[in-house]
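Take a look at the structure below.
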Amino acid sequence: MGLDAVEIVLRTEDLFAITLTDDEAAQVRTVADFYALICSKLNLTPLPSPKTSAQLPVITHKEKFLSIFTKPTPLPAPPEVLPWSPQSIWDTLVSVFVDLQGLKPAQIVPQARIAQDLGVD
């Protein structure tokens with residue numbers, strides 16, 4: 001598991017207040033696998049075909065320093081997503097990929113393979 005993948009797992013654990021073992025994380029191949037794992041940790045049934053909402057939760061505050069650089073500061077789970085629902089889990093997971101990998105929300109689909117399709121190493 002590369003640094004990008006570790007960052008995604010750590011950020012996910014923080015946001016959802018869950019613990020993912022190395023073995024569990026190693027079994028994740030697609031975004032749908034990751035989503036199902038998070039839902040199972042929260043005792044929720046995942047949506048069969050999740051769709052991303054138009055408005056994603058904000059999970060990072062970007063603080064400007066110098067004139068062209070920003071420093072991201074992770075935020076706790078936004079109040080509007082709590083208590084967790086299958087939809088808010090999906091949207092927050094999409095936000096993690098967008099935030100940490102610089103991907104577009106449309107790229108994060110259930111069948112996307114995390115390493116091959118999304119370029120997460």
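Labels used: A, B, ... for chains in the order of the structure tokens, numbers from 1 for residues in each chain, and numbers from 1 for ligands as shown.
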> Skipping near chain neighbours, those fewer than 2 positions away, what residues fall within 9 Å of segment 94-110 of chain A using only C-alpha atoms, listed as a PyMOL selection string?
Replying inline: chain A and resi 4+7-8+11-12+30-33+35+49-52+56-60+89-92+112-114+117-120
>> DSSP on the backbone: which residues in chain A end up as helix (DSSP H, G or I)? Give the answer as a VMD selection string.
In response: chain A and resid 3 to 16 22 to 27 31 to 41 79 to 81 86 to 101 105 to 107
Convert the current residue selection to file output with C-alpha atoms, as an mmCIF file, in the first residue's frame.
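That gives us result-v2.cif:
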```
data_model
loop_
_atom_site.group_PDB
_atom_site.id
_atom_site.type_symbol
_atom_site.label_atom_id
_atom_site.label_comp_id
_atom_site.auth_asym_id
_atom_site.auth_seq_id
_atom_site.Cartn_x
_atom_site.Cartn_y
_atom_site.Cartn_z
ATOM 1 C CA LEU A 3 1.510 6.634 0.708
ATOM 2 C CA ASP A 4 -1.585 7.930 -1.121
ATOM 3 C CA ALA A 5 -3.588 4.853 -0.117
ATOM 4 C CA VAL A 6 -2.411 5.121 3.490
ATOM 5 C CA GLU A 7 -3.472 8.791 3.600
ATOM 6 C CA ILE A 8 -6.911 7.885 2.269
ATOM 7 C CA VAL A 9 -7.327 5.108 4.854
ATOM 8 C CA LEU A 10 -6.183 7.365 7.719
ATOM 9 C CA ARG A 11 -8.450 10.215 6.642
ATOM 10 C CA THR A 12 -11.358 7.804 6.308
ATOM 11 C CA GLU A 13 -10.738 6.406 9.779
ATOM 12 C CA ASP A 14 -10.689 9.944 11.217
ATOM 13 C CA LEU A 15 -13.841 11.114 9.450
ATOM 14 C CA PHE A 16 -15.946 8.049 10.150
ATOM 15 C CA ASP A 22 -4.321 -3.720 7.270
ATOM 16 C CA ASP A 23 -5.986 -6.944 6.107
ATOM 17 C CA GLU A 24 -9.317 -5.173 5.529
ATOM 18 C CA ALA A 25 -7.654 -2.343 3.611
ATOM 19 C CA ALA A 26 -5.668 -4.834 1.512
ATOM 20 C CA GLN A 27 -8.912 -6.488 0.332
ATOM 21 C CA VAL A 31 -14.534 2.305 -4.585
ATOM 22 C CA ALA A 32 -17.598 0.082 -4.032
ATOM 23 C CA ASP A 33 -15.483 -2.296 -1.905
ATOM 24 C CA PHE A 34 -14.263 0.608 0.220
ATOM 25 C CA TYR A 35 -17.780 2.018 0.542
ATOM 26 C CA ALA A 36 -19.181 -1.380 1.600
ATOM 27 C CA LEU A 37 -16.402 -1.787 4.169
ATOM 28 C CA ILE A 38 -17.125 1.618 5.714
ATOM 29 C CA CYS A 39 -20.874 0.906 5.768
ATOM 30 C CA SER A 40 -20.261 -2.448 7.467
ATOM 31 C CA LYS A 41 -18.123 -0.766 10.133
ATOM 32 C CA PRO A 79 -22.723 18.203 10.949
ATOM 33 C CA GLU A 80 -24.970 17.931 7.889
ATOM 34 C CA VAL A 81 -23.782 14.359 7.218
ATOM 35 C CA PRO A 86 -25.583 5.277 3.240
ATOM 36 C CA GLN A 87 -25.833 8.413 1.049
ATOM 37 C CA SER A 88 -23.780 10.636 3.372
ATOM 38 C CA ILE A 89 -21.114 7.918 3.636
ATOM 39 C CA TRP A 90 -20.869 7.757 -0.163
ATOM 40 C CA ASP A 91 -20.688 11.542 -0.559
ATOM 41 C CA THR A 92 -18.064 11.853 2.171
ATOM 42 C CA LEU A 93 -15.991 9.059 0.647
ATOM 43 C CA VAL A 94 -16.136 10.827 -2.722
ATOM 44 C CA SER A 95 -15.004 14.015 -0.934
ATOM 45 C CA VAL A 96 -11.982 12.158 0.463
ATOM 46 C CA PHE A 97 -10.858 11.090 -3.021
ATOM 47 C CA VAL A 98 -11.513 14.563 -4.451
ATOM 48 C CA ASP A 99 -9.674 16.254 -1.604
ATOM 49 C CA LEU A 100 -6.648 13.968 -1.276
ATOM 50 C CA GLN A 101 -6.173 12.909 -4.898
ATOM 51 C CA PRO A 105 -16.367 13.747 -8.425
ATOM 52 C CA ALA A 106 -17.493 12.169 -11.719
ATOM 53 C CA GLN A 107 -14.370 9.962 -11.679
#
```
> Using only C-alpha atoms, which of A:Ile18, A:Ser85, A:Pro74, A:Val28 sits nearest Met1 of chain A?
Replying inline: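 Looking at the shortest contact to Met1 of chain A, the residue is A:Val28.
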>> If DSSP is run on the backbone, what residues of chain A are strand (DSSP E)? A reply as an NGL selection string would be ideal.
In response: :A and (60-65 or 69-74)
> If you measure from atom CA of Asn43 of chain A to atom CA of Trp84 of chain A, what distance in Å do you get, rounded to one decimal?
Replying inline: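 Separating atom CA of Asn43 of chain A from atom CA of Trp84 of chain A is a distance of 10.0 Å.
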>> Just to confirm, what's the straight-line distance from atom CA of Leu42 of chain A to atom CA of Ala77 of chain A in Å (one decimal)?
In response: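 Taking atom CA of Leu42 of chain A and atom CA of Ala77 of chain A, their separation equals 14.1 Å.
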>> I want to know what sits within 8 Å of Thr73 of chain A, based on only C-alpha atoms, with residues of the same chain fewer than 3 positions away left out; could you give that as number ranges by chain?
In response: A: 60-63
Keeping only C-alpha atoms, write the selected residues to a file as a PDB file, in the first residue's frame.
```
ATOM      1  CA  THR A  60     -10.878  20.247   4.459  1.00  0.00           C
ATOM      2  CA  HIS A  61     -10.299  23.917   5.082  1.00  0.00           C
ATOM      3  CA  LYS A  62      -7.734  25.361   2.684  1.00  0.00           C
ATOM      4  CA  GLU A  63      -5.749  28.121   4.370  1.00  0.00           C
TER       5      GLU A  63
END
```
